[in-house]
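Structure data (PDB, C-alpha atoms) from model00.pdb:
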```
ATOM      1  CA  MET I   1       6.103  11.844 -26.329
ATOM      2  CA  ILE I   2       8.584   9.286 -25.080
ATOM      3  CA  SER I   3       8.690   6.109 -27.155
ATOM      4  CA  LEU I   4       8.339   2.781 -25.396
ATOM      5  CA  THR I   5      11.764   1.605 -26.513
ATOM      6  CA  ASN I   6      13.416   4.650 -24.940
ATOM      7  CA  GLU I   7      11.333   4.638 -21.787
ATOM      8  CA  LYS I   8      13.820   2.643 -19.651
ATOM      9  CA  GLU I   9      16.642   4.914 -20.743
ATOM     10  CA  PHE I  10      14.544   7.991 -20.007
ATOM     11  CA  ILE I  11      13.623   6.728 -16.536
ATOM     12  CA  ALA I  12      17.338   6.158 -15.864
ATOM     13  CA  GLN I  13      18.008   9.780 -16.881
ATOM     14  CA  LEU I  14      15.207  10.939 -14.561
ATOM     15  CA  LEU I  15      16.771   9.051 -11.667
ATOM     16  CA  ASN I  16      20.348  10.147 -12.333
ATOM     17  CA  PRO I  17      21.085  13.379 -10.384
ATOM     18  CA  LYS I  18      23.363  14.561 -13.225
ATOM     19  CA  THR I  19      20.680  14.346 -15.906
ATOM     20  CA  GLN I  20      17.575  14.650 -13.727
ATOM     21  CA  ASN I  21      16.762  18.337 -14.279
ATOM     22  CA  ILE I  22      16.944  18.225 -18.066
ATOM     23  CA  ALA I  23      15.058  14.922 -18.187
ATOM     24  CA  PHE I  24      12.340  16.248 -15.895
ATOM     25  CA  GLN I  25      11.933  19.403 -17.995
ATOM     26  CA  LYS I  26      11.351  17.157 -20.998
ATOM     27  CA  LEU I  27       8.830  15.109 -19.007
ATOM     28  CA  VAL I  28       6.899  18.262 -18.073
ATOM     29  CA  SER I  29       7.072  19.569 -21.626
ATOM     30  CA  ASP I  30       5.742  16.291 -23.075
ATOM     31  CA  TYR I  31       2.973  15.637 -20.564
ATOM     32  CA  GLN I  32       1.759  19.011 -19.279
ATOM     33  CA  ARG I  33      -0.980  19.422 -21.915
ATOM     34  CA  PRO I  34      -2.527  15.937 -21.783
ATOM     35  CA  LEU I  35      -2.324  15.872 -17.980
ATOM     36  CA  TYR I  36      -3.800  19.379 -17.759
ATOM     37  CA  SER I  37      -6.752  18.307 -19.970
ATOM     38  CA  HIS I  38      -7.257  15.188 -17.891
ATOM     39  CA  ILE I  39      -7.220  17.139 -14.630
ATOM     40  CA  ARG I  40      -9.350  20.005 -15.981
ATOM     41  CA  ASN I  41     -11.965  17.513 -17.132
ATOM     42  CA  ILE I  42     -12.267  16.386 -13.523
ATOM     43  CA  VAL I  43     -12.035  19.671 -11.597
ATOM     44  CA  LEU I  44     -13.589  21.840 -14.396
ATOM     45  CA  ASN I  45     -12.086  25.132 -13.200
ATOM     46  CA  HIS I  46      -8.733  26.446 -14.613
ATOM     47  CA  ASP I  47      -7.267  27.729 -11.329
ATOM     48  CA  ASP I  48      -8.019  24.419  -9.613
ATOM     49  CA  ALA I  49      -6.592  22.509 -12.570
ATOM     50  CA  ASP I  50      -3.404  24.610 -12.386
ATOM     51  CA  ASP I  51      -2.977  23.820  -8.664
ATOM     52  CA  VAL I  52      -3.615  20.127  -9.157
ATOM     53  CA  LEU I  53      -1.295  19.905 -12.177
ATOM     54  CA  GLN I  54       1.548  21.469 -10.194
ATOM     55  CA  ASN I  55       0.940  19.093  -7.279
ATOM     56  CA  THR I  56       0.849  16.197  -9.728
ATOM     57  CA  PHE I  57       4.262  16.989 -11.198
ATOM     58  CA  VAL I  58       5.740  17.580  -7.747
ATOM     59  CA  LYS I  59       4.483  14.133  -6.707
ATOM     60  CA  ILE I  60       5.774  12.573  -9.938
ATOM     61  CA  PHE I  61       9.194  14.038  -9.155
ATOM     62  CA  GLN I  62       9.093  12.801  -5.540
ATOM     63  CA  TYR I  63       7.885   9.283  -6.360
ATOM     64  CA  LEU I  64      10.054   8.663  -9.432
ATOM     65  CA  LYS I  65      12.608   6.844  -7.290
ATOM     66  CA  ASN I  66       9.834   4.404  -6.269
ATOM     67  CA  PHE I  67       8.640   3.804  -9.820
ATOM     68  CA  LYS I  68       9.314   0.136 -10.504
ATOM     69  CA  GLY I  69       8.509   0.186 -14.221
ATOM     70  CA  GLU I  70       5.743  -2.405 -13.765
ATOM     71  CA  SER I  71       3.424  -0.130 -15.729
ATOM     72  CA  LYS I  72       4.147   2.443 -18.418
ATOM     73  CA  LEU I  73       5.360   5.851 -17.228
ATOM     74  CA  PHE I  74       2.355   7.367 -19.015
ATOM     75  CA  SER I  75      -0.150   5.218 -17.083
ATOM     76  CA  TRP I  76       1.634   5.829 -13.791
ATOM     77  CA  MET I  77       1.569   9.616 -14.251
ATOM     78  CA  TYR I  78      -2.081   9.597 -15.298
ATOM     79  CA  ARG I  79      -2.910   7.576 -12.178
ATOM     80  CA  ILE I  80      -1.214  10.171  -9.972
ATOM     81  CA  ALA I  81      -3.044  12.978 -11.807
ATOM     82  CA  THR I  82      -6.412  11.202 -11.436
ATOM     83  CA  ASN I  83      -5.907  10.617  -7.712
ATOM     84  CA  GLU I  84      -4.775  14.195  -7.123
ATOM     85  CA  ALA I  85      -7.769  15.615  -9.010
ATOM     86  CA  LEU I  86     -10.350  13.390  -7.300
ATOM     87  CA  THR I  87      -8.837  14.041  -3.865
ATOM     88  CA  PHE I  88      -8.855  17.780  -4.547
ATOM     89  CA  LEU I  89     -12.500  17.671  -5.627
ATOM     90  CA  ASN I  90     -13.592  15.642  -2.613
ATOM     91  CA  GLN I  91     -11.663  17.834  -0.174
ATOM     92  CA  LYS I  92     -13.072  21.010  -1.713
ATOM     93  CA  ALA I  93     -16.609  19.591  -1.490
ATOM     94  CA  LYS I  94     -16.041  18.558   2.133
ATOM     95  CA  LEU I  95     -14.724  22.029   3.058
ATOM     96  CA  SER I  96     -17.792  23.582   1.429
ATOM     97  CA  GLY I  97     -20.082  21.154   3.240
ATOM     98  CA  ILE I  98     -21.603  19.848   0.015
ATOM     99  CA  THR I  99     -21.360  16.674  -2.058
ATOM    100  CA  SER I 100     -18.874  16.291  -4.881
ATOM    101  CA  GLU I 101     -21.789  16.230  -7.362
ATOM    102  CA  ALA I 102     -23.202  19.486  -5.935
ATOM    103  CA  LEU I 103     -19.759  21.101  -6.176
ATOM    104  CA  GLN I 104     -19.377  20.048  -9.799
ATOM    105  CA  ASN I 105     -22.854  21.413 -10.622
ATOM    106  CA  LYS I 106     -21.981  24.683  -8.903
ATOM    107  CA  THR I 107     -18.726  24.901 -10.881
ATOM    108  CA  ILE I 108     -20.542  24.243 -14.162
ATOM    109  CA  ASP I 109     -23.076  26.972 -13.347
ATOM    110  CA  ASN I 110     -20.125  29.335 -12.887
ATOM    111  CA  LEU I 111     -18.474  28.266 -16.162
ATOM    112  CA  LYS I 112     -20.661  30.580 -18.250
ATOM    113  CA  ALA I 113     -19.024  33.552 -16.553
ATOM    114  CA  ASP I 114     -15.607  31.886 -16.503
ATOM    115  CA  ALA I 115     -12.939  33.641 -18.610
ATOM    116  CA  TYR I 116     -11.393  30.283 -19.411
ATOM    117  CA  PHE I 117     -14.548  28.729 -20.898
ATOM    118  CA  ASP I 118     -15.910  29.560 -24.311
ATOM    119  CA  GLY I 119     -18.423  26.755 -24.676
ATOM    120  CA  ASP I 120     -22.071  27.004 -25.757
ATOM    121  CA  ASP I 121     -25.288  25.640 -24.282
ATOM    122  CA  ILE I 122     -24.825  22.108 -25.599
ATOM    123  CA  GLN I 123     -21.321  21.947 -24.097
ATOM    124  CA  LEU I 124     -22.683  23.104 -20.731
ATOM    125  CA  LYS I 125     -25.584  20.637 -20.957
ATOM    126  CA  LEU I 126     -23.145  17.815 -21.741
ATOM    127  CA  GLN I 127     -21.085  18.723 -18.642
ATOM    128  CA  LYS I 128     -24.285  18.725 -16.528
ATOM    129  CA  ALA I 129     -25.229  15.317 -17.927
ATOM    130  CA  ILE I 130     -21.801  13.875 -17.110
ATOM    131  CA  VAL I 131     -22.084  15.027 -13.456
ATOM    132  CA  THR I 132     -25.127  12.746 -13.000
ATOM    133  CA  LEU I 133     -22.947   9.673 -13.687
ATOM    134  CA  PRO I 134     -21.121   7.684 -10.974
ATOM    135  CA  GLU I 135     -17.541   8.872 -10.414
ATOM    136  CA  LYS I 136     -15.788   6.083 -12.300
ATOM    137  CA  GLN I 137     -18.226   6.210 -15.190
ATOM    138  CA  GLN I 138     -17.578   9.966 -15.463
ATOM    139  CA  LEU I 139     -13.854   9.225 -15.732
ATOM    140  CA  VAL I 140     -14.334   6.555 -18.373
ATOM    141  CA  PHE I 141     -16.556   8.795 -20.477
ATOM    142  CA  LYS I 142     -14.244  11.813 -20.246
ATOM    143  CA  MET I 143     -11.110   9.801 -20.989
ATOM    144  CA  LYS I 144     -12.734   8.119 -23.986
ATOM    145  CA  TYR I 145     -14.853  10.939 -25.420
ATOM    146  CA  PHE I 146     -12.917  14.127 -24.617
ATOM    147  CA  GLU I 147      -9.347  12.871 -24.236
ATOM    148  CA  GLU I 148      -9.699  10.169 -26.939
ATOM    149  CA  LEU I 149      -7.557   7.666 -25.043
ATOM    150  CA  LYS I 150      -7.628   4.051 -26.226
ATOM    151  CA  TYR I 151      -9.499   1.528 -24.088
ATOM    152  CA  GLU I 152      -6.187  -0.287 -23.410
ATOM    153  CA  GLU I 153      -4.641   2.943 -22.106
ATOM    154  CA  ILE I 154      -7.679   3.658 -19.909
ATOM    155  CA  ALA I 155      -7.525   0.054 -18.639
ATOM    156  CA  ASP I 156      -3.875   0.566 -17.601
ATOM    157  CA  ILE I 157      -4.660   3.834 -15.822
ATOM    158  CA  LEU I 158      -7.847   2.803 -14.028
ATOM    159  CA  GLY I 159      -6.989  -0.849 -13.492
ATOM    160  CA  THR I 160     -10.243  -2.000 -15.104
ATOM    161  CA  SER I 161     -10.640  -4.521 -17.909
ATOM    162  CA  VAL I 162     -11.265  -3.330 -21.456
ATOM    163  CA  GLY I 163     -14.578  -5.196 -21.504
ATOM    164  CA  ALA I 164     -15.788  -3.477 -18.340
ATOM    165  CA  LEU I 165     -14.685  -0.117 -19.724
ATOM    166  CA  LYS I 166     -16.615  -0.628 -22.970
ATOM    167  CA  ALA I 167     -19.737  -1.532 -21.013
ATOM    168  CA  SER I 168     -19.278   1.456 -18.722
ATOM    169  CA  TYR I 169     -18.834   3.830 -21.660
ATOM    170  CA  HIS I 170     -21.919   2.437 -23.410
ATOM    171  CA  HIS I 171     -24.063   2.953 -20.267
ATOM    172  CA  ALA I 172     -22.621   6.457 -19.792
ATOM    173  CA  VAL I 173     -23.556   7.430 -23.345
ATOM    174  CA  LYS I 174     -27.129   6.146 -22.877
ATOM    175  CA  LYS I 175     -27.618   8.102 -19.636
ATOM    176  CA  ILE I 176     -26.169  11.281 -21.179
ATOM    177  CA  GLU I 177     -28.458  10.977 -24.182
ATOM    178  CA  ILE I 178     -31.525  10.578 -21.935
ATOM    179  CA  PHE I 179     -30.466  13.572 -19.800
ATOM    180  CA  VAL I 180     -29.821  15.877 -22.747
ATOM    181  CA  THR I 181     -33.039  14.817 -24.510
ATOM    182  CA  SER I 182     -35.171  15.503 -21.421
ATOM    183  CA  ASN I 183     -33.397  18.758 -20.480
TER     184      ASN I 183
ATOM    185  CA  MET P   1     -38.881  15.972 -29.112
ATOM    186  CA  LYS P   2     -35.932  14.741 -31.129
ATOM    187  CA  ALA P   3     -33.818  12.290 -29.178
ATOM    188  CA  PHE P   4     -30.256  13.363 -28.613
ATOM    189  CA  LYS P   5     -27.792  10.835 -30.038
ATOM    190  CA  LEU P   6     -24.152  11.456 -29.210
ATOM    191  CA  GLU P   7     -22.843   9.493 -32.192
ATOM    192  CA  ASN P   8     -25.018  11.535 -34.547
ATOM    193  CA  GLU P   9     -23.707  14.849 -33.266
ATOM    194  CA  PRO P  10     -20.449  16.463 -34.363
ATOM    195  CA  LYS P  11     -17.755  16.001 -31.750
ATOM    196  CA  ILE P  12     -18.550  18.182 -28.741
ATOM    197  CA  SER P  13     -15.432  19.660 -27.167
ATOM    198  CA  THR P  14     -15.163  20.696 -23.520
ATOM    199  CA  GLY P  15     -15.035  24.424 -24.230
ATOM    200  CA  PHE P  16     -12.183  24.763 -21.753
ATOM    201  CA  LYS P  17      -9.467  27.365 -22.410
ATOM    202  CA  THR P  18      -6.158  28.244 -20.781
ATOM    203  CA  PRO P  19      -4.531  31.642 -20.176
ATOM    204  CA  ASP P  20      -2.087  32.876 -22.843
ATOM    205  CA  ALA P  21       1.395  31.345 -22.587
ATOM    206  CA  TYR P  22       0.181  29.133 -19.747
ATOM    207  CA  PHE P  23       2.061  26.051 -20.895
ATOM    208  CA  GLU P  24       5.157  28.037 -21.891
ATOM    209  CA  ASN P  25       5.522  29.261 -18.300
ATOM    210  CA  PHE P  26       4.280  26.140 -16.541
ATOM    211  CA  SER P  27       7.526  24.136 -16.430
ATOM    212  CA  THR P  28       9.425  27.062 -14.842
ATOM    213  CA  LYS P  29       6.682  27.353 -12.229
ATOM    214  CA  VAL P  30       6.708  23.652 -11.341
ATOM    215  CA  LEU P  31      10.512  23.418 -11.186
ATOM    216  CA  GLU P  32      10.512  26.352  -8.750
ATOM    217  CA  GLN P  33       7.928  24.512  -6.654
ATOM    218  CA  ILE P  34      10.053  21.388  -6.575
ATOM    219  CA  SER P  35      13.208  23.203  -5.502
ATOM    220  CA  LYS P  36      11.300  25.141  -2.803
ATOM    221  CA  LYS P  37       9.465  22.175  -1.403
ATOM    222  CA  GLU P  38      10.999  20.592   1.683
ATOM    223  CA  VAL P  39       9.803  17.069   1.844
ATOM    224  CA  LYS P  40       9.222  15.950   5.409
ATOM    225  CA  VAL P  41       7.379  12.777   4.764
ATOM    226  CA  ILE P  42       7.913   9.544   6.581
ATOM    227  CA  PRO P  43       7.725   7.104   3.707
ATOM    228  CA  ILE P  44       4.916   4.642   4.187
ATOM    229  CA  TYR P  45       7.380   1.766   3.835
ATOM    230  CA  LYS P  46       9.339   2.958   6.875
ATOM    231  CA  ARG P  47       6.182   3.150   8.967
ATOM    232  CA  LYS P  48       5.286  -0.293   7.782
ATOM    233  CA  LYS P  49       8.845  -1.438   8.589
ATOM    234  CA  THR P  50       8.494  -0.198  12.181
ATOM    235  CA  ILE P  51       5.187  -1.985  12.572
ATOM    236  CA  ALA P  52       6.639  -5.147  11.015
ATOM    237  CA  LEU P  53       9.595  -5.067  13.454
ATOM    238  CA  LEU P  54       7.257  -4.646  16.425
ATOM    239  CA  VAL P  55       5.100  -7.557  15.273
ATOM    240  CA  ALA P  56       8.204  -9.703  14.800
ATOM    241  CA  ALA P  57       9.435  -8.807  18.309
ATOM    242  CA  VAL P  58       6.078  -9.722  19.867
ATOM    243  CA  LEU P  59       6.037 -13.018  17.972
ATOM    244  CA  MET P  60       9.598 -13.805  19.098
ATOM    245  CA  ILE P  61       8.695 -13.154  22.732
ATOM    246  CA  GLY P  62       5.574 -15.269  22.326
ATOM    247  CA  LEU P  63       7.597 -18.144  20.874
ATOM    248  CA  LEU P  64      10.265 -17.896  23.585
ATOM    249  CA  ILE P  65       7.800 -18.184  26.504
ATOM    250  CA  PRO P  66       7.203 -21.943  26.109
ATOM    251  CA  VAL P  67      10.938 -22.467  25.535
ATOM    252  CA  ILE P  68      11.849 -20.618  28.737
ATOM    253  CA  SER P  69       9.088 -22.432  30.598
ATOM    254  CA  HIS P  70      10.393 -25.784  29.339
ATOM    255  CA  TYR P  71      13.919 -24.833  30.343
ATOM    256  CA  ASN P  72      12.743 -24.033  33.896
ATOM    257  CA  THR P  73      10.937 -27.380  34.144
ATOM    258  CA  SER P  74      13.813 -29.418  32.856
ATOM    259  CA  SER P  75      16.320 -27.534  34.978
ATOM    260  CA  LYS P  76      14.537 -28.867  38.040
ATOM    261  CA  GLU P  77      14.969 -32.379  36.680
ATOM    262  CA  PHE P  78      18.531 -31.552  35.756
ATOM    263  CA  ASP P  79      19.112 -30.333  39.287
ATOM    264  CA  GLU P  80      17.905 -33.609  40.716
ATOM    265  CA  ALA P  81      20.163 -35.571  38.376
ATOM    266  CA  ALA P  82      23.052 -33.266  39.197
ATOM    267  CA  LEU P  83      22.351 -33.671  42.888
ATOM    268  CA  GLU P  84      22.434 -37.462  42.619
ATOM    269  CA  THR P  85      25.725 -37.344  40.758
ATOM    270  CA  TYR P  86      27.152 -34.922  43.280
ATOM    271  CA  LEU P  87      26.099 -37.113  46.175
ATOM    272  CA  ALA P  88      27.569 -40.189  44.505
ATOM    273  CA  TYR P  89      30.930 -38.774  43.503
ATOM    274  CA  GLN P  90      31.681 -35.434  45.056
ATOM    275  CA  THR P  91      30.881 -35.681  48.740
ATOM    276  CA  ASN P  92      32.231 -37.513  51.690
ATOM    277  CA  ILE P  93      28.795 -38.777  52.615
ATOM    278  CA  ASN P  94      28.826 -42.557  52.898
ATOM    279  CA  GLN P  95      25.956 -45.035  52.795
ATOM    280  CA  TYR P  96      25.656 -45.071  56.618
ATOM    281  CA  ASP P  97      25.138 -41.296  56.680
ATOM    282  CA  LEU P  98      22.478 -41.624  54.024
ATOM    283  CA  ILE P  99      20.695 -44.490  55.773
ATOM    284  CA  LYS P 100      20.705 -42.495  59.049
ATOM    285  CA  GLU P 101      18.788 -39.693  57.282
ATOM    286  CA  LEU P 102      16.058 -42.028  56.016
ATOM    287  CA  ASP P 103      12.890 -42.246  58.096
ATOM    288  CA  THR P 104      10.274 -45.040  58.064
ATOM    289  CA  LYS P 105       8.226 -43.317  55.384
ATOM    290  CA  ASP P 106      11.274 -42.968  53.097
ATOM    291  CA  ILE P 107      12.130 -46.657  53.540
ATOM    292  CA  GLU P 108       8.563 -47.711  52.708
ATOM    293  CA  THR P 109       8.696 -45.553  49.580
ATOM    294  CA  LEU P 110      12.038 -47.066  48.590
ATOM    295  CA  ASN P 111      10.692 -50.567  49.133
ATOM    296  CA  LYS P 112       7.753 -49.859  46.827
ATOM    297  CA  ASN P 113       9.988 -48.479  44.082
ATOM    298  CA  VAL P 114      12.527 -51.197  44.199
ATOM    299  CA  ALA P 115      11.276 -54.409  42.722
ATOM    300  CA  LEU P 116      14.232 -56.741  42.866
ATOM    301  CA  GLU P 117      14.005 -59.956  41.033
ATOM    302  CA  LYS P 118      15.645 -62.982  42.524
ATOM    303  CA  GLU P 119      18.161 -63.231  39.679
ATOM    304  CA  THR P 120      19.160 -59.574  40.057
ATOM    305  CA  LEU P 121      19.718 -59.988  43.814
ATOM    306  CA  GLU P 122      21.896 -63.053  43.273
ATOM    307  CA  ASP P 123      23.941 -61.166  40.634
ATOM    308  CA  ILE P 124      24.495 -58.265  42.992
ATOM    309  CA  LEU P 125      25.585 -60.506  45.826
ATOM    310  CA  ALA P 126      27.856 -62.582  43.582
ATOM    311  CA  SER P 127      29.614 -59.535  42.126
ATOM    312  CA  ASN P 128      30.095 -57.702  45.416
ATOM    313  CA  PRO P 129      33.649 -58.179  46.756
ATOM    314  CA  ASN P 130      32.549 -57.113  50.227
ATOM    315  CA  LEU P 131      29.965 -59.851  50.548
ATOM    316  CA  GLU P 132      31.266 -61.042  53.900
ATOM    317  CA  ASN P 133      31.135 -57.490  55.283
ATOM    318  CA  LEU P 134      27.548 -57.071  54.089
ATOM    319  CA  ILE P 135      26.507 -60.373  55.704
ATOM    320  CA  SER P 136      28.221 -59.491  58.977
ATOM    321  CA  GLU P 137      26.522 -56.036  59.095
TER     322      GLU P 137
END
```

Take the structure from the file and write it as structure tokens.
Amino acid sequence: MISLTNEKEFIAQLLNPKTQNIAFQKLVSDYQRPLYSHIRNIVLNHDDADDVLQNTFVKIFQYLKNFKGESKLFSWMYRIATNEALTFLNQKAKLSGITSEALQNKTIDNLKADAYFDGDDIQLKLQKAIVTLPEKQQLVFKMKYFEELKYEEIADILGTSVGALKASYHHAVKKIEIFVTSN
Amino acid sequence: MKAFKLENEPKISTGFKTPDAYFENFSTKVLEQISKKEVKVIPIYKRKKTIALLVAAVLMIGLLIPVISHYNTSSKEFDEAALETYLAYQTNINQYDLIKELDTKDIETLNKNVALEKETLEDILASNPNLENLISE
């Protein structure tokens, strides 16, 4: 991962046509796994996650010249990934003529037969419980519980205060516990 | 039924997997995508710039309308002032020609507008070198 002290230098390398390719390869190498996990947690399906991750890096490459450095590179890339994943999900749901929640439930039902899922019943039940949460609360829970991001990092990405995030996570946990207990 | 408590459970992972060598091949795949992709996007800032220029043009025209209108009004006044000056200095028209053109209505109007005080009349008469000519006419 790129250290904060070197971030300005790294961004300069990304913007310089002479060093851009090598710098971008390093960017992809450093961030492909965390961004993949983040995207997969939203879209659930590997093939969809692969498409969205590619689109995300293409957009990162295109918009680098507009990156002002007002936020960390990490937060900026996560924001792009989040927007790409949510847009993908909503568009897919719209094309199928169903709600985003219905699409997610359908995808979870298909996970059992999915070659790229080796979870058990409790993991499937947890995914089903998460789908019942409002969109933002789902994000907060996934980023905190699965991705183990710090509240400050989540705050930077989602543009929400740490206090609001803690409250949101607490409510999400309560709802999940009730769902899993009664199902 | 035992209540499910997330904090009491061992960490539950997502259960998601990736194909073998997925990440090893990913960067090649995305770099190919980037080199293939032709970007034909009008940047939002350019669109916004066009709209901003149009708004500025409309505002400029809006601001100029009262200025042009004022110019037209004052030009009429200017014309009258210019006409007076022209008549006084540039033409061969003398006072007799002017008087001939005045009708009764014009004279009445002039009389109303001219409020000569006694002192002013005396000053005019005293300073006029052609006093005798004026008296004789």

Do a neighbour search on region 113-129 of chain I at 9 Å with all atoms listed in the file, toss out local chain neighbours closer than 3 positions, and write the hits as a tab-separated table (two decimals) with C-alpha atoms, in the coordinates of the input.
```
chain	number	residue	atom	x	y	z
I	45	ASN	CA	-12.09	25.13	-13.20
I	46	HIS	CA	-8.73	26.45	-14.61
I	104	GLN	CA	-19.38	20.05	-9.80
I	105	ASN	CA	-22.85	21.41	-10.62
I	108	ILE	CA	-20.54	24.24	-14.16
I	109	ASP	CA	-23.08	26.97	-13.35
I	110	ASN	CA	-20.12	29.34	-12.89
I	132	THR	CA	-25.13	12.75	-13.00
I	133	LEU	CA	-22.95	9.67	-13.69
I	175	LYS	CA	-27.62	8.10	-19.64
I	176	ILE	CA	-26.17	11.28	-21.18
I	177	GLU	CA	-28.46	10.98	-24.18
I	178	ILE	CA	-31.52	10.58	-21.94
I	179	PHE	CA	-30.47	13.57	-19.80
I	180	VAL	CA	-29.82	15.88	-22.75
I	183	ASN	CA	-33.40	18.76	-20.48
P	12	ILE	CA	-18.55	18.18	-28.74
P	13	SER	CA	-15.43	19.66	-27.17
P	14	THR	CA	-15.16	20.70	-23.52
P	15	GLY	CA	-15.04	24.42	-24.23
P	16	PHE	CA	-12.18	24.76	-21.75
P	17	LYS	CA	-9.47	27.36	-22.41
P	18	THR	CA	-6.16	28.24	-20.78
P	19	PRO	CA	-4.53	31.64	-20.18
```

May I have the residues of chain P within 10 Å of chain I, counting all atoms listed in the file, written as a ChimeraX atom specification?
/P:1-7,11-19,22-24,26-31,33-35,37,39

Closest atom pairs, region 114-181 of chain I residues within 9 Å of region 82-95 of chain I, all atoms listed in the file, as a tab-separated table:
```
residue	atom	partner	partner_atom	distance
I:Leu139	CA	I:Thr82	CA	8.8
I:Ile157	CA	I:Thr82	CA	8.8
I:Leu158	CA	I:Thr82	CA	8.9
```

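Remark: for Ala81 (chain I), the closest of the candidate residues I:Pro34, I:Gly163, I:Gly97, I:Pro134 is I:Pro34 (distances computed over all atoms listed in the file).
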
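Here CA of Lys72 (chain I) stands at a distance of 13.4 Å from CA of Tyr31 (chain I).
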
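What the PyMOL selection byres ((chain I and resi 69) around 12) picks from this file is I:Leu4, I:Glu7, I:Lys8, I:Glu9, I:Phe10, I:Ile11, I:Ala12, I:Leu64, I:Lys65, I:Asn66, I:Phe67, I:Lys68, I:Glu70, I:Ser71, I:Lys72, I:Leu73, I:Phe74, I:Ser75, I:Trp76, I:Met77.
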
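If you look at CA of Lys106 (chain I) and CA of Asn8 (chain P), they are 29.0 Å away from each other.
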
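One distance worth recording is that between CA of Leu149 (chain I) and CA of Tyr78 (chain I), which is 11.3 Å.
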
Identify which of the residues I:Glu153, I:Leu15, I:Ala164, I:Val131 lies closest to Thr107 (chain I), counting only C-alpha atoms when measuring atom-to-atom distances.
I:Val131

Completion step: region 25-39 of chain P with N, CA and C atoms as a PDB file, in the frame of the given file:
```
ATOM      1  N   ASN P  25       5.000  28.876 -19.615  1.00  0.00           N
ATOM      2  CA  ASN P  25       5.522  29.261 -18.300  1.00  0.00           C
ATOM      3  C   ASN P  25       5.391  28.172 -17.253  1.00  0.00           C
ATOM      4  N   PHE P  26       4.612  27.137 -17.567  1.00  0.00           N
ATOM      5  CA  PHE P  26       4.280  26.140 -16.541  1.00  0.00           C
ATOM      6  C   PHE P  26       5.504  25.396 -16.011  1.00  0.00           C
ATOM      7  N   SER P  27       6.407  24.970 -16.891  1.00  0.00           N
ATOM      8  CA  SER P  27       7.526  24.136 -16.430  1.00  0.00           C
ATOM      9  C   SER P  27       8.432  24.916 -15.484  1.00  0.00           C
ATOM     10  N   THR P  28       8.617  26.236 -15.744  1.00  0.00           N
ATOM     11  CA  THR P  28       9.425  27.062 -14.842  1.00  0.00           C
ATOM     12  C   THR P  28       8.773  27.087 -13.464  1.00  0.00           C
ATOM     13  N   LYS P  29       7.452  27.269 -13.478  1.00  0.00           N
ATOM     14  CA  LYS P  29       6.682  27.353 -12.229  1.00  0.00           C
ATOM     15  C   LYS P  29       6.823  26.061 -11.409  1.00  0.00           C
ATOM     16  N   VAL P  30       6.694  24.921 -12.077  1.00  0.00           N
ATOM     17  CA  VAL P  30       6.708  23.652 -11.341  1.00  0.00           C
ATOM     18  C   VAL P  30       8.116  23.308 -10.854  1.00  0.00           C
ATOM     19  N   LEU P  31       9.127  23.674 -11.625  1.00  0.00           N
ATOM     20  CA  LEU P  31      10.512  23.418 -11.186  1.00  0.00           C
ATOM     21  C   LEU P  31      10.863  24.280  -9.977  1.00  0.00           C
ATOM     22  N   GLU P  32      10.313  25.487  -9.934  1.00  0.00           N
ATOM     23  CA  GLU P  32      10.512  26.352  -8.750  1.00  0.00           C
ATOM     24  C   GLU P  32       9.861  25.716  -7.524  1.00  0.00           C
ATOM     25  N   GLN P  33       8.664  25.191  -7.735  1.00  0.00           N
ATOM     26  CA  GLN P  33       7.928  24.512  -6.654  1.00  0.00           C
ATOM     27  C   GLN P  33       8.732  23.343  -6.089  1.00  0.00           C
ATOM     28  N   ILE P  34       9.310  22.579  -6.977  1.00  0.00           N
ATOM     29  CA  ILE P  34      10.053  21.388  -6.575  1.00  0.00           C
ATOM     30  C   ILE P  34      11.291  21.776  -5.780  1.00  0.00           C
ATOM     31  N   SER P  35      11.990  22.798  -6.216  1.00  0.00           N
ATOM     32  CA  SER P  35      13.208  23.203  -5.502  1.00  0.00           C
ATOM     33  C   SER P  35      12.874  23.848  -4.159  1.00  0.00           C
ATOM     34  N   LYS P  36      11.697  24.496  -4.068  1.00  0.00           N
ATOM     35  CA  LYS P  36      11.300  25.141  -2.803  1.00  0.00           C
ATOM     36  C   LYS P  36      10.839  24.125  -1.771  1.00  0.00           C
ATOM     37  N   LYS P  37      10.157  23.101  -2.282  1.00  0.00           N
ATOM     38  CA  LYS P  37       9.465  22.175  -1.403  1.00  0.00           C
ATOM     39  C   LYS P  37      10.435  21.362  -0.553  1.00  0.00           C
ATOM     40  N   GLU P  38      10.229  21.447   0.773  1.00  0.00           N
ATOM     41  CA  GLU P  38      10.999  20.592   1.683  1.00  0.00           C
ATOM     42  C   GLU P  38      10.120  19.425   1.978  1.00  0.00           C
ATOM     43  N   VAL P  39      10.634  18.234   1.639  1.00  0.00           N
ATOM     44  CA  VAL P  39       9.803  17.069   1.844  1.00  0.00           C
ATOM     45  C   VAL P  39      10.069  16.488   3.217  1.00  0.00           C
TER      46      VAL P  39
END
```
